[in-house]
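Notes for the one structure printed next.
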Amino acid sequence: MEEGHVLRIMRHVGLSKDPVTQRMYKLPDEETGLLMIFRVFDKVSYALIMNATRPVHIHDALRTP
């Protein structure tokens, strides 16, 4: 991580059951918002959430936009 990097916040939606086959399948992750890294240390980085369409939770994933 470097200062100035922008990342997407992705929320894990979960599983759903197919009504025809009764099999479980994974739903795709949904974008929750964008954040920008503004301070970087050896073991932790601080980020500013620039935009959020849904609440951000602790275990949400981060991906490059």
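Chain labels follow the order of the structure tokens: the first chain is A, the next B, and so on; residue numbering restarts at 1 in every chain, and ligands are counted from 1 in their shown order.
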>> as a count of residues only, please: the residues near segment 46-60 of chain A (cut-off 12 Å, only C-alpha atoms, same-chain neighbours under 2 positions excluded).
In response: 31
> Contacts of Gly14 of chain A at 9 Å or less, counting only C-alpha atoms, minus same-chain residues fewer than 3 places along, as a PyMOL selection string?
Replying inline: chain A and resi 25-29
>> Which of chain A end up as strand (DSSP E) when DSSP is run on this backbone - answer as a count of residues only?
In response: 34
